[in-house]
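Engineer: Structure below; questions to follow.
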Amino acid sequence: MTDDIRLKAIAKALGEAKTVLVLSHKNPDGDAIGSTLGLGAGLRRLGKQVDMVNISGVPEALKWIPGSELITSEPKPFAEYDEVVILDCGELERTGFDTISPAPDKPAIIIDHHPGEMVEATDLIDIEAAATSELIYYLLGEMGAELSADGATALYVALFTDTGGFQFSNTDQDAFTMASGLKKCGVDPAFVASMLFEQENPARIRLLALALSTLRLSDCGKLASIFVDTEMFDITGTTSEDTDGFVNYPRSVEGVEVAILIKEVGENYHRLALRSRGRVNVSAIASELGGGGHHNAAGAHVTADPDTIFEMILEKVLSSLPN
């Protein structure tokens with residue numbers, strides 16, 4: 001479990017605060033949004049004034065989470081808050097607000113489960129945690145905050161999505177202990193699964209069909225990729241956020257060690273989502289390309305054509321596999 005001393009330091013800082021700003025990274029996923037809503041709900045039950053902000057807003061697929069309408073895209077000046085908390089990323093720059101607002105007067109509280117350096121006493125980075133929401137769950141417990149069913153549901157969504165529905169290798173005993181605790185708070189797991197997996201937009205399914213038609217396998221069968229370009233978005237009336245989870249399809253092909261979703265962002269400029277079955281550290285590959293992430297899930301932006309990207313990643317995958 002996580003650093004108890006730092007957990008207590010954060011609990012003390014937030015316990016003494018009256019006003020709190022909660023930020024998460026732009027282009028948020030389920031963990032970023034769920035952790036934001038869960039922390040916000042818990043702090044409000046403790047009598048705190050909480051503003052929750054994400055510069056990209058809440059993805060359409062997650063707007064059903066209770067309280068999501070409370071997340072705005074524009075914060076007040078940082079100076080108006082006693083504490084600023086940054087979730088699921090290690091620096092203010094990842095939130096996007098560094099370009100439109102001066103940095104907080106004092107260091108923000110960082111809570112994250114991605115690799116990074118803990119600088120301040122109130123930085124909490126635990127790469128062993130299944131999700132950032134796991135750290136929020138134990139933090140709220142340390143603060144004595146009773147979770148409502150809505151707050152628990154938000155944290156459960158975060159945990160569920162970052163563990164791939166409890167399928168990924170980060171699904172450890174702590175994850176199941178947390179899930180059990182959230183169930184006792186009123187979470188309906190069947191409802192959450194239905195909202196995440198059984199509410200597909202027809203346009204997204206059409207986009208998936210186009211993406212799957214681009215499936216490419218390396219001769220050795222260790223690497224698979226799919227490609228999405230801006231024309232596909234235009235044809236189907238979809239957006240980039242509709243590709244969430246697409247990379248898991250090539251990853252599911254028998255024998256594949258690493259999968260790539262290559263998504264066109266601009267002319268000859270692509271965003272990569274990398275997924276590994278476990279033997280290849282895709283975070284290391286992404287870091288070489290200026291990105292980052294976890295051992296089994298990472299991403300980066302690359303200026304190159306899809307064929308060049310595929311061959312480049314293939315070389316790195318093969319050099320990473322044991323002989």
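Please note that chains go A, B, ... in the order of the structure tokens, that every chain numbers its residues from 1, and that ligands are numbered from 1 in the order shown.
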Quick one: pick out all alpha helix (DSSP H) residues within segment 117-258 of chain A from a backbone DSSP run and write them as a PyMOL selection string.

Structural biologist: chain A and resi 132-143+149-162+173-184+189-197+202-212+230-236+248-251

Engineer: May I ask which of the residues A:Gly165, A:Pro115, A:Gly30, A:Pro306 is the closest one to Gly292 of chain A, counting only C-alpha atoms?

Structural biologist: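 Nearest to Gly292 of chain A: A:Pro115.
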
Engineer: Choose the residue, out of A:Asp51, A:Glu83, A:Asp31, A:Asp88, that has the smallest atom-to-atom separation from Lys18 of chain A; count only C-alpha atoms.

Structural biologist: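 Answer, going by the shortest atom-to-atom distance: A:Glu83.
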
Engineer: Any chance you could list, as a VMD selection string, the residues in segment 64-299 of chain A that come up strand (DSSP E) when DSSP is run on the backbone?

Structural biologist: chain A and resid 71 to 72 83 to 87 109 to 112 123 to 125 216 to 217 223 to 228 258 to 266 269 to 276 292 to 293 297 to 299

Engineer: Okay, now the selection with N, CA and C atoms, as a compact mmCIF listing (two decimals), in the first residue's frame?

Structural biologist:
# COMPACT_ATOMS: atom_id res chain seq x y z
N ILE A 71 -18.24 19.48 -12.98
CA ILE A 71 -16.89 19.74 -13.49
C ILE A 71 -16.97 20.82 -14.56
N THR A 72 -16.25 21.91 -14.35
CA THR A 72 -16.23 23.02 -15.30
C THR A 72 -14.90 23.02 -16.06
N GLU A 83 -6.02 25.24 -1.18
CA GLU A 83 -5.22 24.15 -1.72
C GLU A 83 -5.63 23.86 -3.15
N VAL A 84 -4.64 23.50 -3.97
CA VAL A 84 -4.88 23.05 -5.34
C VAL A 84 -4.38 21.60 -5.44
N VAL A 85 -5.25 20.71 -5.92
CA VAL A 85 -4.90 19.29 -6.04
C VAL A 85 -4.88 18.92 -7.52
N ILE A 86 -3.81 18.27 -7.94
CA ILE A 86 -3.69 17.81 -9.32
C ILE A 86 -3.71 16.29 -9.32
N LEU A 87 -4.65 15.72 -10.06
CA LEU A 87 -4.87 14.27 -10.05
C LEU A 87 -4.48 13.60 -11.37
N ILE A 109 -0.85 20.01 -4.56
CA ILE A 109 -0.79 18.64 -4.06
C ILE A 109 -0.92 17.70 -5.27
N ILE A 110 0.07 16.86 -5.47
CA ILE A 110 0.07 15.94 -6.59
C ILE A 110 -0.33 14.56 -6.10
N ILE A 111 -1.35 13.96 -6.71
CA ILE A 111 -1.75 12.59 -6.41
C ILE A 111 -1.84 11.84 -7.73
N ASP A 112 -1.00 10.81 -7.89
CA ASP A 112 -0.88 10.18 -9.20
C ASP A 112 -0.37 8.75 -9.04
N ASP A 123 3.30 15.55 -2.19
CA ASP A 123 3.24 14.79 -3.44
C ASP A 123 3.04 13.33 -3.08
N LEU A 124 2.11 12.68 -3.74
CA LEU A 124 1.90 11.24 -3.51
C LEU A 124 1.83 10.55 -4.85
N ILE A 125 2.89 9.85 -5.21
CA ILE A 125 2.96 9.11 -6.46
C ILE A 125 3.25 7.66 -6.13
N ARG A 216 -3.20 -4.25 -39.07
CA ARG A 216 -1.93 -4.68 -39.65
C ARG A 216 -1.19 -5.53 -38.62
N LEU A 217 -0.66 -6.64 -39.06
CA LEU A 217 0.12 -7.53 -38.22
C LEU A 217 1.55 -7.63 -38.76
N LEU A 223 3.42 -7.69 -33.17
CA LEU A 223 2.91 -6.31 -33.16
C LEU A 223 1.70 -6.20 -34.07
N ALA A 224 0.69 -5.51 -33.58
CA ALA A 224 -0.52 -5.24 -34.38
C ALA A 224 -0.88 -3.78 -34.25
N SER A 225 -1.45 -3.23 -35.29
CA SER A 225 -1.86 -1.82 -35.23
C SER A 225 -3.17 -1.61 -35.97
N ILE A 226 -3.86 -0.56 -35.58
CA ILE A 226 -4.98 -0.03 -36.36
C ILE A 226 -4.77 1.46 -36.49
N PHE A 227 -5.43 2.04 -37.49
CA PHE A 227 -5.18 3.44 -37.84
C PHE A 227 -6.51 4.18 -37.97
N VAL A 228 -6.54 5.39 -37.47
CA VAL A 228 -7.72 6.24 -37.62
C VAL A 228 -7.25 7.60 -38.11
N VAL A 258 2.35 -6.46 -28.41
CA VAL A 258 2.10 -5.02 -28.30
C VAL A 258 1.14 -4.59 -29.40
N ALA A 259 0.22 -3.71 -29.05
CA ALA A 259 -0.72 -3.16 -30.02
C ALA A 259 -0.57 -1.64 -30.06
N ILE A 260 -0.85 -1.07 -31.21
CA ILE A 260 -0.80 0.38 -31.39
C ILE A 260 -2.08 0.88 -32.03
N LEU A 261 -2.62 1.93 -31.47
CA LEU A 261 -3.63 2.73 -32.17
C LEU A 261 -2.91 3.97 -32.67
N ILE A 262 -2.85 4.14 -33.99
CA ILE A 262 -2.21 5.30 -34.60
C ILE A 262 -3.32 6.25 -35.04
N LYS A 263 -3.39 7.40 -34.38
CA LYS A 263 -4.50 8.32 -34.62
C LYS A 263 -3.97 9.63 -35.19
N GLU A 264 -4.47 9.99 -36.36
CA GLU A 264 -4.03 11.22 -37.02
C GLU A 264 -4.50 12.44 -36.25
N VAL A 265 -3.56 13.32 -35.96
CA VAL A 265 -3.86 14.57 -35.27
C VAL A 265 -3.71 15.76 -36.22
N GLY A 266 -2.70 15.71 -37.05
CA GLY A 266 -2.43 16.74 -38.04
C GLY A 266 -1.68 16.12 -39.20
N TYR A 269 1.30 13.93 -38.48
CA TYR A 269 1.47 14.02 -37.02
C TYR A 269 0.43 13.12 -36.37
N HIS A 270 0.88 12.18 -35.54
CA HIS A 270 -0.02 11.16 -35.00
C HIS A 270 0.13 10.98 -33.50
N ARG A 271 -0.99 10.66 -32.88
CA ARG A 271 -1.00 10.30 -31.47
C ARG A 271 -1.04 8.78 -31.36
N LEU A 272 -0.14 8.21 -30.57
CA LEU A 272 -0.06 6.77 -30.43
C LEU A 272 -0.59 6.33 -29.07
N ALA A 273 -1.39 5.26 -29.08
CA ALA A 273 -1.76 4.57 -27.85
C ALA A 273 -1.13 3.19 -27.94
N LEU A 274 -0.32 2.85 -26.95
CA LEU A 274 0.40 1.58 -26.94
C LEU A 274 -0.12 0.70 -25.81
N ARG A 275 -0.32 -0.59 -26.10
CA ARG A 275 -0.75 -1.54 -25.08
C ARG A 275 0.10 -2.80 -25.18
N SER A 276 0.49 -3.32 -24.02
CA SER A 276 1.33 -4.51 -23.97
C SER A 276 0.63 -5.61 -23.19
N GLY A 292 4.85 8.86 -22.39
CA GLY A 292 4.99 8.16 -21.13
C GLY A 292 3.77 7.33 -20.82
N GLY A 293 3.72 6.82 -19.59
CA GLY A 293 2.58 6.00 -19.19
C GLY A 293 2.99 4.92 -18.23
N ALA A 297 0.56 0.21 -20.60
CA ALA A 297 -0.28 1.19 -21.30
C ALA A 297 0.43 2.53 -21.34
N ALA A 298 0.67 3.03 -22.52
CA ALA A 298 1.41 4.29 -22.66
C ALA A 298 1.00 5.00 -23.94
N GLY A 299 1.51 6.21 -24.11
CA GLY A 299 1.16 6.97 -25.30
C GLY A 299 2.22 8.00 -25.64

Engineer: Please produce, as CSV, a per-residue contact table for segment 35-76 of chain A versus segment 143-148 of chain A (criterion: any atom at most 12 Å away, only C-alpha atoms considered), showing the nearest atom pair and its distance in Å to one decimal, sorted by chain then residue number.

Structural biologist:
residue,atom,partner,partner_atom,distance
A:Leu37,CA,A:Leu147,CA,11.3
A:Gly38,CA,A:Leu147,CA,8.2
A:Leu39,CA,A:Leu147,CA,9.5
A:Gly40,CA,A:Leu147,CA,10.5
A:Ala41,CA,A:Leu147,CA,7.5
A:Gly42,CA,A:Ala145,CA,5.7
A:Leu43,CA,A:Ala145,CA,7.2
A:Arg44,CA,A:Ala145,CA,9.1
A:Arg45,CA,A:Ala145,CA,6.7
A:Leu46,CA,A:Ala145,CA,6.3
A:Gly47,CA,A:Ala145,CA,10.0
A:Lys48,CA,A:Ala145,CA,11.2
A:Pro66,CA,A:Ser148,CA,10.7
A:Gly67,CA,A:Ser148,CA,11.5

Engineer: Can you spit out the residues from that selection as a compact mmCIF listing (two decimals), in the first residue's frame, using all heavy atoms?

Structural biologist:
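Final file, selection.txt:
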# COMPACT_ATOMS: atom_id res chain seq x y z
N LEU A 37 -14.26 13.47 -9.32
CA LEU A 37 -15.60 13.49 -8.74
C LEU A 37 -15.62 12.82 -7.36
O LEU A 37 -16.31 13.29 -6.45
CB LEU A 37 -16.58 12.78 -9.67
CG LEU A 37 -16.87 13.50 -10.99
CD1 LEU A 37 -17.69 12.60 -11.92
CD2 LEU A 37 -17.62 14.81 -10.73
N GLY A 38 -14.86 11.75 -7.20
CA GLY A 38 -14.83 11.07 -5.91
C GLY A 38 -14.21 11.93 -4.83
O GLY A 38 -14.74 12.02 -3.71
N LEU A 39 -13.07 12.56 -5.14
CA LEU A 39 -12.43 13.44 -4.17
C LEU A 39 -13.32 14.64 -3.86
O LEU A 39 -13.49 15.02 -2.70
CB LEU A 39 -11.08 13.92 -4.69
CG LEU A 39 -10.31 14.88 -3.78
CD1 LEU A 39 -10.04 14.24 -2.42
CD2 LEU A 39 -9.01 15.34 -4.44
N GLY A 40 -13.90 15.23 -4.92
CA GLY A 40 -14.78 16.37 -4.70
C GLY A 40 -15.96 16.04 -3.81
O GLY A 40 -16.30 16.79 -2.89
N ALA A 41 -16.57 14.88 -4.05
CA ALA A 41 -17.73 14.46 -3.25
C ALA A 41 -17.33 14.24 -1.79
O ALA A 41 -18.03 14.65 -0.86
CB ALA A 41 -18.34 13.19 -3.83
N GLY A 42 -16.18 13.59 -1.59
CA GLY A 42 -15.72 13.32 -0.23
C GLY A 42 -15.40 14.60 0.53
O GLY A 42 -15.76 14.74 1.72
N LEU A 43 -14.72 15.53 -0.12
CA LEU A 43 -14.36 16.79 0.54
C LEU A 43 -15.59 17.62 0.86
O LEU A 43 -15.65 18.29 1.91
CB LEU A 43 -13.39 17.58 -0.33
CG LEU A 43 -11.99 16.98 -0.51
CD1 LEU A 43 -11.15 17.85 -1.45
CD2 LEU A 43 -11.29 16.82 0.84
N ARG A 44 -16.58 17.59 -0.02
CA ARG A 44 -17.81 18.34 0.25
C ARG A 44 -18.53 17.79 1.48
O ARG A 44 -19.12 18.55 2.26
CB ARG A 44 -18.73 18.29 -0.97
CG ARG A 44 -18.30 19.22 -2.10
CD ARG A 44 -19.46 19.46 -3.08
NE ARG A 44 -19.09 20.45 -4.07
CZ ARG A 44 -18.68 20.19 -5.31
NH1 ARG A 44 -18.59 18.92 -5.69
NH2 ARG A 44 -18.37 21.15 -6.14
N ARG A 45 -18.49 16.49 1.67
CA ARG A 45 -19.12 15.89 2.84
C ARG A 45 -18.40 16.29 4.13
O ARG A 45 -18.96 16.19 5.23
CB ARG A 45 -19.18 14.38 2.70
CG ARG A 45 -20.23 13.91 1.69
CD ARG A 45 -20.21 12.41 1.52
NE ARG A 45 -20.86 11.69 2.63
CZ ARG A 45 -22.15 11.38 2.67
NH1 ARG A 45 -22.96 11.74 1.67
NH2 ARG A 45 -22.64 10.70 3.68
N LEU A 46 -17.17 16.76 3.97
CA LEU A 46 -16.42 17.26 5.12
C LEU A 46 -16.58 18.77 5.29
O LEU A 46 -15.90 19.38 6.12
CB LEU A 46 -14.93 16.92 4.96
CG LEU A 46 -14.58 15.43 5.06
CD1 LEU A 46 -13.11 15.21 4.70
CD2 LEU A 46 -14.87 14.89 6.45
N GLY A 47 -17.45 19.35 4.48
CA GLY A 47 -17.74 20.78 4.62
C GLY A 47 -16.84 21.70 3.82
O GLY A 47 -16.87 22.92 4.03
N LYS A 48 -16.06 21.16 2.89
CA LYS A 48 -15.16 22.00 2.09
C LYS A 48 -15.90 22.59 0.89
O LYS A 48 -16.84 22.00 0.36
CB LYS A 48 -13.96 21.17 1.57
CG LYS A 48 -13.29 20.30 2.61
CD LYS A 48 -12.69 21.10 3.74
CE LYS A 48 -12.02 20.18 4.76
NZ LYS A 48 -11.48 20.94 5.93
N PRO A 66 -22.63 10.34 -11.76
CA PRO A 66 -23.28 11.34 -10.90
C PRO A 66 -22.33 12.48 -10.54
O PRO A 66 -21.18 12.25 -10.14
CB PRO A 66 -23.66 10.53 -9.65
CG PRO A 66 -23.78 9.12 -10.13
CD PRO A 66 -22.74 8.97 -11.20
N GLY A 67 -22.80 13.70 -10.73
CA GLY A 67 -22.01 14.88 -10.38
C GLY A 67 -21.13 15.39 -11.49
O GLY A 67 -20.46 16.42 -11.32

Engineer: Mind pulling up the distance from atom CA of Tyr138 of chain A to atom CA of Thr36 of chain A?

Structural biologist: 14.3 Å

Engineer: Just want the 12 Å neighbourhood of Asp105 of chain A, counted on only C-alpha atoms, with same-chain residues fewer than 3 positions away dropped. Output as a ChimeraX atom specification.

Structural biologist: /A:77-84,101-102,108

Engineer: Excluding Ala130 of chain A and any residue of its chain fewer than 3 positions from it, enumerate the residues within 12 Å of it, using only C-alpha atoms, and give them as a PyMOL selection string.

Structural biologist: chain A and resi 1-2+31+88+112-114+125-127+133-137+155-156+158-179+294+296

Engineer: With N, CA and C atoms retained, export the selected residues as a short mmCIF file (atom, residue, chain, number, x, y, z; two decimals), in the first residue's frame.

Structural biologist:
data_model
loop_
_atom_site.label_atom_id
_atom_site.label_comp_id
_atom_site.auth_asym_id
_atom_site.auth_seq_id
_atom_site.Cartn_x
_atom_site.Cartn_y
_atom_site.Cartn_z
N MET A 1 0.84 -1.18 0.00
CA MET A 1 0.00 0.00 0.00
C MET A 1 0.88 1.24 0.00
N THR A 2 0.29 2.40 -0.11
CA THR A 2 1.01 3.63 -0.39
C THR A 2 1.72 4.21 0.82
N ASP A 31 -10.26 7.36 -15.07
CA ASP A 31 -9.60 7.55 -13.78
C ASP A 31 -9.53 9.02 -13.42
N ASP A 88 -3.93 12.41 -11.26
CA ASP A 88 -3.66 11.52 -12.39
C ASP A 88 -2.62 12.07 -13.36
N ASP A 112 -1.00 10.81 -7.89
CA ASP A 112 -0.88 10.18 -9.20
C ASP A 112 -0.37 8.75 -9.04
N HIS A 113 -0.59 7.92 -10.05
CA HIS A 113 -0.03 6.57 -10.04
C HIS A 113 0.83 6.29 -11.26
N HIS A 114 1.21 7.36 -11.97
CA HIS A 114 2.16 7.24 -13.08
C HIS A 114 3.58 7.50 -12.56
N ILE A 125 2.89 9.85 -5.21
CA ILE A 125 2.96 9.11 -6.46
C ILE A 125 3.25 7.66 -6.13
N ASP A 126 2.31 6.79 -6.46
CA ASP A 126 2.44 5.37 -6.13
C ASP A 126 2.16 4.55 -7.39
N ILE A 127 3.23 4.09 -8.04
CA ILE A 127 3.06 3.36 -9.30
C ILE A 127 2.51 1.96 -9.08
N SER A 133 -7.57 6.71 -8.37
CA SER A 133 -8.74 6.63 -7.49
C SER A 133 -8.48 5.78 -6.26
N GLU A 134 -7.58 4.80 -6.37
CA GLU A 134 -7.23 3.98 -5.21
C GLU A 134 -6.61 4.84 -4.12
N LEU A 135 -5.75 5.78 -4.53
CA LEU A 135 -5.12 6.69 -3.57
C LEU A 135 -6.15 7.63 -2.96
N ILE A 136 -7.11 8.07 -3.77
CA ILE A 136 -8.18 8.93 -3.27
C ILE A 136 -9.03 8.17 -2.25
N TYR A 137 -9.30 6.92 -2.52
CA TYR A 137 -10.12 6.10 -1.63
C TYR A 137 -9.48 6.02 -0.24
N LEU A 155 -15.56 6.76 -7.98
CA LEU A 155 -14.29 6.09 -7.72
C LEU A 155 -14.27 4.68 -8.31
N TYR A 156 -15.41 4.01 -8.30
CA TYR A 156 -15.49 2.67 -8.87
C TYR A 156 -15.29 2.73 -10.39
N ALA A 158 -13.53 4.89 -11.99
CA ALA A 158 -12.10 5.14 -12.18
C ALA A 158 -11.30 3.86 -12.05
N LEU A 159 -11.59 3.09 -11.01
CA LEU A 159 -10.88 1.83 -10.78
C LEU A 159 -11.20 0.82 -11.88
N PHE A 160 -12.46 0.72 -12.24
CA PHE A 160 -12.91 -0.26 -13.23
C PHE A 160 -12.28 0.00 -14.59
N THR A 161 -12.22 1.27 -15.00
CA THR A 161 -11.68 1.59 -16.32
C THR A 161 -10.17 1.42 -16.37
N ASP A 162 -9.46 1.78 -15.29
CA ASP A 162 -8.01 1.68 -15.32
C ASP A 162 -7.51 0.25 -15.12
N THR A 163 -8.36 -0.64 -14.68
CA THR A 163 -7.99 -2.05 -14.59
C THR A 163 -8.58 -2.86 -15.75
N GLY A 164 -9.20 -2.16 -16.71
CA GLY A 164 -9.80 -2.86 -17.85
C GLY A 164 -10.90 -3.80 -17.42
N GLY A 165 -11.74 -3.31 -16.48
CA GLY A 165 -12.81 -4.17 -15.97
C GLY A 165 -12.24 -5.33 -15.15
N PHE A 166 -11.16 -5.03 -14.40
CA PHE A 166 -10.47 -6.03 -13.56
C PHE A 166 -9.83 -7.14 -14.38
N GLN A 167 -9.41 -6.80 -15.61
CA GLN A 167 -8.74 -7.78 -16.48
C GLN A 167 -7.24 -7.56 -16.56
N PHE A 168 -6.76 -6.31 -16.31
CA PHE A 168 -5.35 -6.01 -16.49
C PHE A 168 -4.52 -6.53 -15.31
N SER A 169 -3.20 -6.60 -15.53
CA SER A 169 -2.31 -7.15 -14.51
C SER A 169 -2.19 -6.27 -13.27
N ASN A 170 -2.66 -5.02 -13.34
CA ASN A 170 -2.63 -4.15 -12.16
C ASN A 170 -3.78 -4.44 -11.20
N THR A 171 -4.62 -5.41 -11.54
CA THR A 171 -5.73 -5.79 -10.67
C THR A 171 -5.20 -6.67 -9.54
N ASP A 172 -4.86 -6.03 -8.41
CA ASP A 172 -4.29 -6.77 -7.29
C ASP A 172 -5.29 -6.85 -6.14
N GLN A 173 -4.83 -7.33 -5.01
CA GLN A 173 -5.72 -7.49 -3.86
C GLN A 173 -6.28 -6.16 -3.39
N ASP A 174 -5.45 -5.10 -3.44
CA ASP A 174 -5.93 -3.78 -3.02
C ASP A 174 -7.10 -3.31 -3.89
N ALA A 175 -7.03 -3.63 -5.19
CA ALA A 175 -8.10 -3.22 -6.09
C ALA A 175 -9.41 -3.89 -5.71
N PHE A 176 -9.35 -5.18 -5.40
CA PHE A 176 -10.57 -5.88 -5.02
C PHE A 176 -11.07 -5.45 -3.64
N THR A 177 -10.15 -5.14 -2.74
CA THR A 177 -10.55 -4.63 -1.42
C THR A 177 -11.28 -3.31 -1.56
N MET A 178 -10.73 -2.45 -2.43
CA MET A 178 -11.38 -1.15 -2.68
C MET A 178 -12.75 -1.35 -3.31
N ALA A 179 -12.83 -2.22 -4.31
CA ALA A 179 -14.11 -2.47 -4.98
C ALA A 179 -15.15 -2.97 -3.99
N HIS A 294 2.39 3.75 -18.36
CA HIS A 294 2.66 2.60 -17.51
C HIS A 294 3.35 1.50 -18.30
N ASN A 296 2.25 -1.39 -19.13
CA ASN A 296 1.38 -2.04 -20.11
C ASN A 296 0.51 -1.07 -20.91
#

Engineer: Under the rule that only C-alpha atoms are counted, which of A:Ala152, A:Glu120, A:Thr236, A:Pro202 is the nearest residue to Lys184 of chain A?

Structural biologist: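 For Lys184 of chain A, the nearest of the given residues is A:Ala152.
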
Engineer: May I ask for the distance between atom CA of Thr303 of chain A and atom CA of Asp98 of chain A, given in Å to one decimal place?

Structural biologist: 24.3 Å

Engineer: Compile the contact shell of Gly237 of chain A as a PDB file with all heavy atoms, in the first residue's frame: residues with an atom at most 9 Å away, counting only C-alpha atoms, same-chain residues fewer than 5 positions apart removed.

Structural biologist:
ATOM      1  N   ALA A 203     -22.519   5.728 -34.321  1.00  0.00           N
ATOM      2  CA  ALA A 203     -21.441   6.363 -35.077  1.00  0.00           C
ATOM      3  C   ALA A 203     -20.077   5.830 -34.635  1.00  0.00           C
ATOM      4  O   ALA A 203     -19.163   5.637 -35.453  1.00  0.00           O
ATOM      5  CB  ALA A 203     -21.501   7.877 -34.900  1.00  0.00           C
ATOM      6  N   ARG A 204     -19.925   5.582 -33.350  1.00  0.00           N
ATOM      7  CA  ARG A 204     -18.663   5.034 -32.838  1.00  0.00           C
ATOM      8  C   ARG A 204     -18.428   3.611 -33.367  1.00  0.00           C
ATOM      9  O   ARG A 204     -17.299   3.249 -33.698  1.00  0.00           O
ATOM     10  CB  ARG A 204     -18.675   5.036 -31.310  1.00  0.00           C
ATOM     11  CG  ARG A 204     -17.441   4.426 -30.666  1.00  0.00           C
ATOM     12  CD  ARG A 204     -17.549   4.488 -29.140  1.00  0.00           C
ATOM     13  NE  ARG A 204     -17.025   3.300 -28.515  1.00  0.00           N
ATOM     14  CZ  ARG A 204     -15.758   3.091 -28.186  1.00  0.00           C
ATOM     15  NH1 ARG A 204     -14.855   4.032 -28.450  1.00  0.00           N
ATOM     16  NH2 ARG A 204     -15.370   1.971 -27.601  1.00  0.00           N
ATOM     17  N   LEU A 207     -17.165   3.920 -36.800  1.00  0.00           N
ATOM     18  CA  LEU A 207     -15.763   4.323 -36.766  1.00  0.00           C
ATOM     19  C   LEU A 207     -14.874   3.120 -36.447  1.00  0.00           C
ATOM     20  O   LEU A 207     -13.816   2.932 -37.064  1.00  0.00           O
ATOM     21  CB  LEU A 207     -15.554   5.426 -35.724  1.00  0.00           C
ATOM     22  CG  LEU A 207     -14.112   5.919 -35.542  1.00  0.00           C
ATOM     23  CD1 LEU A 207     -13.620   6.582 -36.819  1.00  0.00           C
ATOM     24  CD2 LEU A 207     -14.008   6.879 -34.359  1.00  0.00           C
ATOM     25  N   MET A 232     -11.946   9.537 -41.497  1.00  0.00           N
ATOM     26  CA  MET A 232     -12.852   8.592 -40.828  1.00  0.00           C
ATOM     27  C   MET A 232     -13.769   9.322 -39.843  1.00  0.00           C
ATOM     28  O   MET A 232     -14.954   8.993 -39.720  1.00  0.00           O
ATOM     29  CB  MET A 232     -12.051   7.519 -40.092  1.00  0.00           C
ATOM     30  CG  MET A 232     -11.272   6.585 -41.000  1.00  0.00           C
ATOM     31  SD  MET A 232     -10.353   5.362 -40.006  1.00  0.00           S
ATOM     32  CE  MET A 232      -9.394   4.548 -41.271  1.00  0.00           C
TER      33      MET A 232
END

Engineer: With a distance cut-off of 7 Å and only C-alpha atoms, select the neighbouring residues of segment 7-10 of chain A, excluding the residue or stretch itself and same-chain residues fewer than 4 positions from it, and output the selection as a PyMOL selection string.

Structural biologist: chain A and resi 3+14+121-122+139

Engineer: Using only C-alpha atoms, which residue out of A:Glu60, A:Ile313, A:Val256, A:Pro104 lies closest to Pro75 of chain A?

Structural biologist: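 Of A:Glu60, A:Ile313, A:Val256, A:Pro104, the one nearest Pro75 of chain A is A:Pro104, counting only C-alpha atoms.
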